[in-house]
$ cat final.pdb   # PDB, C-alpha atoms, pLDDT in the B column
ATOM      1  CA  MET F   1       0.135  32.296  -6.725  1.00 44.00           C
ATOM      2  CA  LYS F   2      -0.018  30.720  -3.272  1.00 41.00           C
ATOM      3  CA  MET F   3       1.585  27.327  -2.676  1.00 41.00           C
ATOM      4  CA  LYS F   4      -0.135  24.723  -0.562  1.00 40.00           C
ATOM      5  CA  ALA F   5       1.689  23.665   2.573  1.00 41.00           C
ATOM      6  CA  HIS F   6       1.540  19.955   1.764  1.00 44.00           C
ATOM      7  CA  ILE F   7       2.532  19.420  -1.822  1.00 44.00           C
ATOM      8  CA  GLN F   8       2.674  15.802  -2.829  1.00 46.00           C
ATOM      9  CA  ARG F   9       5.218  15.141  -5.492  1.00 53.00           C
ATOM     10  CA  SER F  10       3.170  13.476  -8.145  1.00 69.00           C
ATOM     11  CA  ALA F  11       3.185   9.741  -8.465  1.00 78.00           C
ATOM     12  CA  ALA F  12       1.856   7.796 -11.395  1.00 88.00           C
ATOM     13  CA  PRO F  13      -0.945   5.421 -10.378  1.00 94.00           C
ATOM     14  CA  LYS F  14       0.420   2.193  -8.938  1.00 96.00           C
ATOM     15  CA  ILE F  15      -0.504  -0.520  -6.467  1.00 96.00           C
ATOM     16  CA  LEU F  16       2.288  -1.713  -4.180  1.00 97.00           C
ATOM     17  CA  PHE F  17       1.507  -5.185  -2.832  1.00 96.00           C
ATOM     18  CA  TYR F  18       3.096  -7.360  -0.158  1.00 95.00           C
ATOM     19  CA  PRO F  19       1.876 -10.969  -0.310  1.00 92.00           C
ATOM     20  CA  GLY F  20       2.324 -11.720   3.398  1.00 86.00           C
ATOM     21  CA  GLY F  21       2.244 -15.447   4.069  1.00 71.00           C
ATOM     22  CA  GLY F  22       1.431 -16.567   0.512  1.00 70.00           C
ATOM     23  CA  MET F  23       1.228 -15.660  -3.154  1.00 67.00           C
ATOM     24  CA  ASP F  24      -2.396 -16.697  -3.909  1.00 75.00           C
ATOM     25  CA  GLN F  25      -3.832 -13.257  -3.231  1.00 81.00           C
ATOM     26  CA  SER F  26      -0.980 -11.596  -5.099  1.00 86.00           C
ATOM     27  CA  HIS F  27      -2.043 -13.190  -8.390  1.00 89.00           C
ATOM     28  CA  ALA F  28      -5.696 -12.227  -7.855  1.00 91.00           C
ATOM     29  CA  VAL F  29      -4.827  -8.603  -7.024  1.00 92.00           C
ATOM     30  CA  ALA F  30      -2.406  -8.415  -9.970  1.00 93.00           C
ATOM     31  CA  ALA F  31      -5.139  -9.638 -12.347  1.00 94.00           C
ATOM     32  CA  PHE F  32      -7.598  -7.131 -10.862  1.00 96.00           C
ATOM     33  CA  CYS F  33      -5.104  -4.275 -11.318  1.00 95.00           C
ATOM     34  CA  GLN F  34      -4.418  -5.313 -14.899  1.00 95.00           C
ATOM     35  CA  LYS F  35      -8.158  -5.269 -15.631  1.00 96.00           C
ATOM     36  CA  GLU F  36      -8.388  -1.799 -14.013  1.00 95.00           C
ATOM     37  CA  ASN F  37      -5.338  -0.608 -15.985  1.00 95.00           C
ATOM     38  CA  ILE F  38      -3.303   0.207 -12.864  1.00 95.00           C
ATOM     39  CA  PRO F  39       0.348  -0.851 -12.665  1.00 96.00           C
ATOM     40  CA  PHE F  40       0.973  -3.492  -9.985  1.00 95.00           C
ATOM     41  CA  GLN F  41       4.232  -4.101  -8.150  1.00 95.00           C
ATOM     42  CA  THR F  42       4.933  -6.831  -5.629  1.00 94.00           C
ATOM     43  CA  VAL F  43       7.268  -5.636  -2.879  1.00 95.00           C
ATOM     44  CA  SER F  44       9.479  -8.328  -1.391  1.00 90.00           C
ATOM     45  CA  ALA F  45      11.264  -8.181   1.966  1.00 89.00           C
ATOM     46  CA  GLY F  46      14.229  -6.566   0.190  1.00 92.00           C
ATOM     47  CA  GLY F  47      12.129  -3.464  -0.486  1.00 95.00           C
ATOM     48  CA  PHE F  48      10.879  -2.960   3.065  1.00 96.00           C
ATOM     49  CA  GLY F  49      13.508  -0.331   3.862  1.00 96.00           C
ATOM     50  CA  ASP F  50      12.686   1.702   0.757  1.00 97.00           C
ATOM     51  CA  SER F  51      10.329   4.657   1.100  1.00 96.00           C
ATOM     52  CA  LEU F  52       6.860   4.604  -0.398  1.00 96.00           C
ATOM     53  CA  GLY F  53       7.910   7.535  -2.567  1.00 95.00           C
ATOM     54  CA  TYR F  54      10.824   5.579  -4.009  1.00 96.00           C
ATOM     55  CA  LEU F  55       8.719   2.460  -4.641  1.00 97.00           C
ATOM     56  CA  ALA F  56       6.000   4.617  -6.232  1.00 95.00           C
ATOM     57  CA  GLY F  57       8.589   6.110  -8.595  1.00 94.00           C
ATOM     58  CA  ILE F  58       8.411   9.695  -7.343  1.00 93.00           C
ATOM     59  CA  PRO F  59      11.483  11.691  -8.421  1.00 92.00           C
ATOM     60  CA  GLY F  60      13.752  12.733  -5.569  1.00 92.00           C
ATOM     61  CA  PHE F  61      13.356   9.578  -3.474  1.00 93.00           C
ATOM     62  CA  SER F  62      16.309   7.186  -3.172  1.00 93.00           C
ATOM     63  CA  PRO F  63      16.546   3.516  -2.227  1.00 94.00           C
ATOM     64  CA  ALA F  64      17.210   2.639   1.399  1.00 94.00           C
ATOM     65  CA  GLU F  65      20.818   2.765   2.520  1.00 91.00           C
ATOM     66  CA  SER F  66      20.440  -0.264   4.777  1.00 89.00           C
ATOM     67  CA  PRO F  67      18.207  -3.363   4.662  1.00 88.00           C
ATOM     68  CA  TRP F  68      15.045  -3.681   6.758  1.00 91.00           C
ATOM     69  CA  ASP F  69      15.905  -5.549   9.950  1.00 92.00           C
ATOM     70  CA  GLN F  70      12.491  -5.671  11.643  1.00 91.00           C
ATOM     71  CA  PRO F  71      10.011  -8.586  11.596  1.00 88.00           C
ATOM     72  CA  LEU F  72       7.918  -8.930   8.450  1.00 86.00           C
ATOM     73  CA  PRO F  73       4.125  -8.741   8.689  1.00 84.00           C
ATOM     74  CA  GLN F  74       2.241 -11.999   8.124  1.00 84.00           C
ATOM     75  CA  ARG F  75      -0.769 -10.333   6.490  1.00 89.00           C
ATOM     76  CA  GLU F  76      -0.927  -9.219   2.878  1.00 92.00           C
ATOM     77  CA  ALA F  77      -0.932  -5.484   2.296  1.00 94.00           C
ATOM     78  CA  MET F  78      -1.870  -3.147  -0.520  1.00 96.00           C
ATOM     79  CA  ILE F  79      -0.704   0.463  -0.783  1.00 97.00           C
ATOM     80  CA  ILE F  80      -2.519   2.608  -3.341  1.00 96.00           C
ATOM     81  CA  CYS F  81      -0.339   5.293  -4.899  1.00 96.00           C
ATOM     82  CA  GLY F  82      -1.142   8.213  -7.169  1.00 94.00           C
ATOM     83  CA  LEU F  83      -4.925   7.812  -7.408  1.00 94.00           C
ATOM     84  CA  GLU F  84      -7.571  10.396  -6.628  1.00 93.00           C
ATOM     85  CA  GLU F  85      -9.865   9.685  -3.687  1.00 93.00           C
ATOM     86  CA  LYS F  86     -12.872   9.003  -5.935  1.00 95.00           C
ATOM     87  CA  ARG F  87     -10.894   6.395  -7.914  1.00 95.00           C
ATOM     88  CA  VAL F  88      -9.660   4.763  -4.694  1.00 95.00           C
ATOM     89  CA  ARG F  89     -13.268   4.406  -3.472  1.00 96.00           C
ATOM     90  CA  GLN F  90     -14.300   2.896  -6.827  1.00 96.00           C
ATOM     91  CA  LEU F  91     -11.470   0.353  -6.671  1.00 96.00           C
ATOM     92  CA  LEU F  92     -12.280  -0.668  -3.103  1.00 96.00           C
ATOM     93  CA  GLU F  93     -15.978  -1.051  -3.964  1.00 97.00           C
ATOM     94  CA  LYS F  94     -15.105  -3.258  -6.950  1.00 96.00           C
ATOM     95  CA  MET F  95     -12.786  -5.347  -4.774  1.00 95.00           C
ATOM     96  CA  ASN F  96     -15.592  -5.830  -2.237  1.00 95.00           C
ATOM     97  CA  LEU F  97     -18.029  -6.896  -4.972  1.00 96.00           C
ATOM     98  CA  LEU F  98     -15.468  -9.424  -6.232  1.00 94.00           C
ATOM     99  CA  LYS F  99     -14.786 -10.571  -2.651  1.00 92.00           C
ATOM    100  CA  LEU F 100     -11.122  -9.748  -3.241  1.00 92.00           C
ATOM    101  CA  ARG F 101      -9.966  -9.290   0.327  1.00 90.00           C
ATOM    102  CA  VAL F 102      -6.672  -7.695   1.354  1.00 92.00           C
ATOM    103  CA  GLU F 103      -6.339  -7.341   5.112  1.00 89.00           C
ATOM    104  CA  LEU F 104      -4.033  -4.324   5.252  1.00 93.00           C
ATOM    105  CA  LYS F 105      -4.744  -1.387   2.948  1.00 94.00           C
ATOM    106  CA  ALA F 106      -3.513   2.204   2.831  1.00 95.00           C
ATOM    107  CA  VAL F 107      -3.171   5.137   0.488  1.00 96.00           C
ATOM    108  CA  MET F 108       0.155   6.883  -0.037  1.00 95.00           C
ATOM    109  CA  THR F 109      -0.133  10.478   1.189  1.00 93.00           C
ATOM    110  CA  PRO F 110       2.242  13.447   1.480  1.00 92.00           C
ATOM    111  CA  HIS F 111       2.559  12.460   5.156  1.00 92.00           C
ATOM    112  CA  ASN F 112       3.649   8.852   4.584  1.00 95.00           C
ATOM    113  CA  GLN F 113       5.463   8.952   1.231  1.00 95.00           C
ATOM    114  CA  GLY F 114       8.810   9.272   3.027  1.00 95.00           C
ATOM    115  CA  TRP F 115       8.123   6.316   5.328  1.00 95.00           C
ATOM    116  CA  PRO F 116       9.896   3.012   4.776  1.00 96.00           C
ATOM    117  CA  PHE F 117       7.457   0.498   3.276  1.00 97.00           C
ATOM    118  CA  GLY F 118       8.050  -1.849   6.219  1.00 95.00           C
ATOM    119  CA  ALA F 119       7.300   0.874   8.787  1.00 95.00           C
ATOM    120  CA  LEU F 120       3.930   1.598   7.170  1.00 95.00           C
ATOM    121  CA  LEU F 121       3.045  -2.107   7.085  1.00 95.00           C
ATOM    122  CA  THR F 122       4.077  -2.521  10.721  1.00 93.00           C
ATOM    123  CA  GLU F 123       1.803   0.400  11.649  1.00 93.00           C
ATOM    124  CA  LEU F 124      -1.074  -1.016   9.580  1.00 93.00           C
ATOM    125  CA  GLU F 125      -0.697  -4.400  11.267  1.00 91.00           C
ATOM    126  CA  LYS F 126      -0.773  -2.775  14.736  1.00 91.00           C
ATOM    127  CA  GLU F 127      -3.987  -0.934  13.798  1.00 89.00           C
ATOM    128  CA  HIS F 128      -5.499  -4.125  12.373  1.00 86.00           C
ATOM    129  CA  LEU F 129      -4.780  -6.056  15.572  1.00 85.00           C
ATOM    130  CA  ALA F 130      -6.186  -3.224  17.704  1.00 88.00           C
ATOM    131  CA  LEU F 131      -9.420  -3.309  15.678  1.00 86.00           C
ATOM    132  CA  HIS F 132      -9.569  -7.134  15.578  1.00 80.00           C
ATOM    133  CA  PRO F 133      -8.225  -8.299  18.969  1.00 78.00           C
ATOM    134  CA  GLN F 134      -9.642 -11.812  18.442  1.00 73.00           C
ATOM    135  CA  GLU F 135      -6.933 -12.299  15.768  1.00 64.00           C
ATOM    136  CA  ASN F 136      -4.066 -11.744  18.241  1.00 58.00           C
ATOM    137  CA  GLY F 137      -1.987 -14.824  18.734  1.00 52.00           C
TER     138      GLY F 137
END

$ encode --input "final.pdb" --output "structure tokens"
Amino acid sequence: MKMKAHIQRSAAPKILFYPGGGMDQSHAVAAFCQKENIPFQTVSAGGFGDSLGYLAGIPGFSPAESPWDQPLPQREAMIICGLEEKRVRQLLEKMNLLKLRVELKAVMTPHNQGWPFGALLTELEKEHLALHPQENG
């Protein structure tokens, strides 16, 4: 049996959420996830150094050895873990229909599961600002 080059250690479905500047959206996303039967976890600044794999509960990942010392993003962010692509599309479509807007969104992949949560959010914010330059400043 051949092994694939990029094997993702399996993660149970979960949404990791950073509320950014406020908690209003956090409650709405949490309620949405509950309705969709997907575990929801708010990640505070204390978890920014932890890898996505650790936060998603994948065996073999450990908590960060040192705290995150970079600036925190101001926008809310949602990281989707352990869901198949079809299910991710369904969730995003439902969110759009409900006008449940989260500015920064990503899916955990074999490539980024070792990244610190804060590093992924920093990268997402850079991409967001590049795509929406009118929001700079």

$ residues_around --input "final.pdb" --residues "segment 58-75 of chain F" --least-positions-apart "6" --cutoff "9 Å" --atoms "all atoms listed in the file" --output "MDAnalysis selection string"
chainID F and resid 9:12 18:22 45:52 102:104 114 116 118:119 121:122 125

$ atom_distance --input "final.pdb" --atom1 "atom CA of Gln113 of chain F" --atom2 "atom CA of Ala56 of chain F"
8.6 Å

$ atom_distance --input "final.pdb" --atom1 "atom CA of Leu91 of chain F" --atom2 "atom CA of Cys33 of chain F"
9.1 Å

$ atom_distance --input "final.pdb" --atom1 "atom CA of Gly82 of chain F" --atom2 "atom CA of Pro13 of chain F"
4.3 Å

$ closest_residue --input "final.pdb" --among "F:Glu76, F:Gly53, F:Lys35, F:Arg89" --to "Trp115 of chain F" --atoms "all atoms listed in the file"
F:Gly53

$ residues_near_point --input "final.pdb" --point "(-4.2, -1.4, -12.0)" --cutoff "10 Å" --atoms "all atoms listed in the file" --output "list in words"
Pro13, Lys14, Ile15, Val29, Ala30, Ala31, Phe32, Cys33, Gln34, Lys35, Glu36, Asn37, Ile38, Pro39, Phe40, Gln41, Ile80 and Leu91 of chain F

$ axis_aligned_box --input "final.pdb" --around "segment 56-60 of chain F" --padding-each-side "8 Å" --output "AutoDock Vina command-line options"
--center_x 9.9 --center_y 8.7 --center_z -7.1 --size_x 23.8 --size_y 24.1 --size_z 19.0

$ closest_residue --input "final.pdb" --among "F:Met108, F:Glu93, F:Glu84, F:Val43" --to "Leu120 of chain F" --atoms "all atoms listed in the file"
F:Met108

$ residues_near_point --input "final.pdb" --point "(3.4, -3.4, 0.8)" --cutoff "6 Å" --atoms "all atoms listed in the file" --output "PyMOL selection string"
chain F and resi 16-18+43+77-79

$ write_last_selection --input "final.pdb" --atoms "C-alpha atoms" --output "CSV table (one decimal), keeping the file's coordinate frame"
chain,number,residue,atom,x,y,z
F,16,LEU,CA,2.3,-1.7,-4.2
F,17,PHE,CA,1.5,-5.2,-2.8
F,18,TYR,CA,3.1,-7.4,-0.2
F,43,VAL,CA,7.3,-5.6,-2.9
F,77,ALA,CA,-0.9,-5.5,2.3
F,78,MET,CA,-1.9,-3.1,-0.5
F,79,ILE,CA,-0.7,0.5,-0.8

$ decode --input "final.pdb" --residues "segment 5-128 of chain F" --atoms "C-alpha atoms" --output "PDB file, in the first residue's frame"
ATOM      1  CA  ALA F   5       3.184  12.349   0.847  1.00  0.00           C
ATOM      2  CA  HIS F   6       1.004  14.739   2.840  1.00  0.00           C
ATOM      3  CA  ILE F   7      -0.826  12.828   5.510  1.00  0.00           C
ATOM      4  CA  GLN F   8      -2.901  14.996   7.772  1.00  0.00           C
ATOM      5  CA  ARG F   9      -3.192  13.611  11.236  1.00  0.00           C
ATOM      6  CA  SER F  10      -6.900  13.443  11.709  1.00  0.00           C
ATOM      7  CA  ALA F  11      -8.676  16.142  13.610  1.00  0.00           C
ATOM      8  CA  ALA F  12     -12.208  15.951  14.885  1.00  0.00           C
ATOM      9  CA  PRO F  13     -14.406  18.692  13.411  1.00  0.00           C
ATOM     10  CA  LYS F  14     -13.983  21.968  15.268  1.00  0.00           C
ATOM     11  CA  ILE F  15     -14.187  25.701  14.683  1.00  0.00           C
ATOM     12  CA  LEU F  16     -11.436  27.790  16.270  1.00  0.00           C
ATOM     13  CA  PHE F  17     -12.575  31.398  16.670  1.00  0.00           C
ATOM     14  CA  TYR F  18     -10.783  34.604  17.629  1.00  0.00           C
ATOM     15  CA  PRO F  19     -13.207  37.427  18.463  1.00  0.00           C
ATOM     16  CA  GLY F  20     -10.907  40.278  17.419  1.00  0.00           C
ATOM     17  CA  GLY F  21     -12.120  43.597  18.781  1.00  0.00           C
ATOM     18  CA  GLY F  22     -15.358  42.328  20.352  1.00  0.00           C
ATOM     19  CA  MET F  23     -17.406  39.357  21.489  1.00  0.00           C
ATOM     20  CA  ASP F  24     -20.685  40.033  19.601  1.00  0.00           C
ATOM     21  CA  GLN F  25     -19.737  37.920  16.602  1.00  0.00           C
ATOM     22  CA  SER F  26     -18.342  35.197  18.845  1.00  0.00           C
ATOM     23  CA  HIS F  27     -21.778  34.484  20.325  1.00  0.00           C
ATOM     24  CA  ALA F  28     -23.417  34.414  16.881  1.00  0.00           C
ATOM     25  CA  VAL F  29     -20.790  32.035  15.458  1.00  0.00           C
ATOM     26  CA  ALA F  30     -20.978  29.826  18.566  1.00  0.00           C
ATOM     27  CA  ALA F  31     -24.773  29.551  18.191  1.00  0.00           C
ATOM     28  CA  PHE F  32     -24.382  28.761  14.481  1.00  0.00           C
ATOM     29  CA  CYS F  33     -21.828  26.025  15.239  1.00  0.00           C
ATOM     30  CA  GLN F  34     -24.068  24.536  17.911  1.00  0.00           C
ATOM     31  CA  LYS F  35     -26.949  24.396  15.421  1.00  0.00           C
ATOM     32  CA  GLU F  36     -24.611  22.733  12.876  1.00  0.00           C
ATOM     33  CA  ASN F  37     -23.352  20.292  15.535  1.00  0.00           C
ATOM     34  CA  ILE F  38     -19.719  21.413  15.227  1.00  0.00           C
ATOM     35  CA  PRO F  39     -17.660  22.015  18.372  1.00  0.00           C
ATOM     36  CA  PHE F  40     -16.692  25.678  18.820  1.00  0.00           C
ATOM     37  CA  GLN F  41     -13.671  26.987  20.697  1.00  0.00           C
ATOM     38  CA  THR F  42     -12.791  30.611  21.318  1.00  0.00           C
ATOM     39  CA  VAL F  43      -9.035  31.179  21.233  1.00  0.00           C
ATOM     40  CA  SER F  44      -7.800  33.988  23.453  1.00  0.00           C
ATOM     41  CA  ALA F  45      -4.467  35.798  23.159  1.00  0.00           C
ATOM     42  CA  GLY F  46      -2.960  33.159  25.465  1.00  0.00           C
ATOM     43  CA  GLY F  47      -3.439  30.526  22.758  1.00  0.00           C
ATOM     44  CA  PHE F  48      -1.812  32.465  19.925  1.00  0.00           C
ATOM     45  CA  GLY F  49       1.521  30.673  20.305  1.00  0.00           C
ATOM     46  CA  ASP F  50      -0.101  27.237  20.190  1.00  0.00           C
ATOM     47  CA  SER F  51      -0.170  25.378  16.881  1.00  0.00           C
ATOM     48  CA  LEU F  52      -3.397  24.812  14.998  1.00  0.00           C
ATOM     49  CA  GLY F  53      -2.828  21.086  15.435  1.00  0.00           C
ATOM     50  CA  TYR F  54      -2.661  21.433  19.210  1.00  0.00           C
ATOM     51  CA  LEU F  55      -5.756  23.658  19.376  1.00  0.00           C
ATOM     52  CA  ALA F  56      -7.613  21.248  17.070  1.00  0.00           C
ATOM     53  CA  GLY F  57      -6.772  18.373  19.424  1.00  0.00           C
ATOM     54  CA  ILE F  58      -4.581  16.385  17.036  1.00  0.00           C
ATOM     55  CA  PRO F  59      -2.404  13.875  18.919  1.00  0.00           C
ATOM     56  CA  GLY F  60       1.309  14.630  18.807  1.00  0.00           C
ATOM     57  CA  PHE F  61       1.025  18.422  19.001  1.00  0.00           C
ATOM     58  CA  SER F  62       2.127  20.190  22.194  1.00  0.00           C
ATOM     59  CA  PRO F  63       1.316  23.606  23.640  1.00  0.00           C
ATOM     60  CA  ALA F  64       3.653  26.485  22.854  1.00  0.00           C
ATOM     61  CA  GLU F  65       6.765  26.747  24.984  1.00  0.00           C
ATOM     62  CA  SER F  66       6.648  30.540  25.058  1.00  0.00           C
ATOM     63  CA  PRO F  67       3.803  33.085  24.875  1.00  0.00           C
ATOM     64  CA  TRP F  68       2.918  34.935  21.668  1.00  0.00           C
ATOM     65  CA  ASP F  69       4.690  38.294  21.693  1.00  0.00           C
ATOM     66  CA  GLN F  70       3.471  39.764  18.394  1.00  0.00           C
ATOM     67  CA  PRO F  71       0.586  42.232  17.909  1.00  0.00           C
ATOM     68  CA  LEU F  72      -2.900  40.734  17.965  1.00  0.00           C
ATOM     69  CA  PRO F  73      -5.147  41.093  14.914  1.00  0.00           C
ATOM     70  CA  GLN F  74      -8.114  43.447  15.279  1.00  0.00           C
ATOM     71  CA  ARG F  75     -10.397  41.419  13.004  1.00  0.00           C
ATOM     72  CA  GLU F  76     -12.293  38.318  14.053  1.00  0.00           C
ATOM     73  CA  ALA F  77     -11.076  35.056  12.582  1.00  0.00           C
ATOM     74  CA  MET F  78     -12.463  31.574  12.103  1.00  0.00           C
ATOM     75  CA  ILE F  79     -10.334  28.498  11.420  1.00  0.00           C
ATOM     76  CA  ILE F  80     -12.213  25.409  10.252  1.00  0.00           C
ATOM     77  CA  CYS F  81     -10.628  22.149  11.368  1.00  0.00           C
ATOM     78  CA  GLY F  82     -11.336  18.542  10.464  1.00  0.00           C
ATOM     79  CA  LEU F  83     -14.126  19.060   7.919  1.00  0.00           C
ATOM     80  CA  GLU F  84     -14.267  17.788   4.362  1.00  0.00           C
ATOM     81  CA  GLU F  85     -14.221  20.389   1.596  1.00  0.00           C
ATOM     82  CA  LYS F  86     -17.885  19.800   0.703  1.00  0.00           C
ATOM     83  CA  ARG F  87     -18.942  20.406   4.328  1.00  0.00           C
ATOM     84  CA  VAL F  88     -16.809  23.564   4.512  1.00  0.00           C
ATOM     85  CA  ARG F  89     -18.549  24.941   1.396  1.00  0.00           C
ATOM     86  CA  GLN F  90     -21.969  24.121   2.890  1.00  0.00           C
ATOM     87  CA  LEU F  91     -21.103  25.926   6.129  1.00  0.00           C
ATOM     88  CA  LEU F  92     -19.827  29.019   4.329  1.00  0.00           C
ATOM     89  CA  GLU F  93     -22.944  29.127   2.130  1.00  0.00           C
ATOM     90  CA  LYS F  94     -25.184  28.897   5.209  1.00  0.00           C
ATOM     91  CA  MET F  95     -23.192  31.658   6.908  1.00  0.00           C
ATOM     92  CA  ASN F  96     -23.637  33.877   3.839  1.00  0.00           C
ATOM     93  CA  LEU F  97     -27.395  33.230   3.781  1.00  0.00           C
ATOM     94  CA  LEU F  98     -27.588  34.167   7.472  1.00  0.00           C
ATOM     95  CA  LYS F  99     -25.383  37.225   6.847  1.00  0.00           C
ATOM     96  CA  LEU F 100     -23.012  35.873   9.493  1.00  0.00           C
ATOM     97  CA  ARG F 101     -19.824  37.633   8.483  1.00  0.00           C
ATOM     98  CA  VAL F 102     -16.352  36.724   9.736  1.00  0.00           C
ATOM     99  CA  GLU F 103     -13.627  38.760   8.067  1.00  0.00           C
ATOM    100  CA  LEU F 104     -10.753  36.288   8.330  1.00  0.00           C
ATOM    101  CA  LYS F 105     -11.416  32.638   7.504  1.00  0.00           C
ATOM    102  CA  ALA F 106      -9.161  29.663   6.811  1.00  0.00           C
ATOM    103  CA  VAL F 107      -9.163  25.893   6.796  1.00  0.00           C
ATOM    104  CA  MET F 108      -6.580  23.897   8.728  1.00  0.00           C
ATOM    105  CA  THR F 109      -4.472  21.897   6.265  1.00  0.00           C
ATOM    106  CA  PRO F 110      -1.479  19.551   6.532  1.00  0.00           C
ATOM    107  CA  HIS F 111       0.615  22.577   5.513  1.00  0.00           C
ATOM    108  CA  ASN F 112      -0.564  24.920   8.280  1.00  0.00           C
ATOM    109  CA  GLN F 113      -1.441  22.582  11.162  1.00  0.00           C
ATOM    110  CA  GLY F 114       2.007  23.138  12.690  1.00  0.00           C
ATOM    111  CA  TRP F 115       1.747  26.932  12.477  1.00  0.00           C
ATOM    112  CA  PRO F 116       1.155  28.987  15.606  1.00  0.00           C
ATOM    113  CA  PHE F 117      -2.445  30.234  15.644  1.00  0.00           C
ATOM    114  CA  GLY F 118      -1.208  33.834  15.808  1.00  0.00           C
ATOM    115  CA  ALA F 119       1.069  33.391  12.778  1.00  0.00           C
ATOM    116  CA  LEU F 120      -1.838  32.138  10.662  1.00  0.00           C
ATOM    117  CA  LEU F 121      -4.042  35.044  11.762  1.00  0.00           C
ATOM    118  CA  THR F 122      -1.263  37.534  11.032  1.00  0.00           C
ATOM    119  CA  GLU F 123      -0.924  36.058   7.529  1.00  0.00           C
ATOM    120  CA  LEU F 124      -4.702  36.139   6.992  1.00  0.00           C
ATOM    121  CA  GLU F 125      -4.834  39.783   8.065  1.00  0.00           C
ATOM    122  CA  LYS F 126      -2.017  40.689   5.630  1.00  0.00           C
ATOM    123  CA  GLU F 127      -3.922  38.977   2.795  1.00  0.00           C
ATOM    124  CA  HIS F 128      -7.157  40.709   3.810  1.00  0.00           C
TER     125      HIS F 128
END
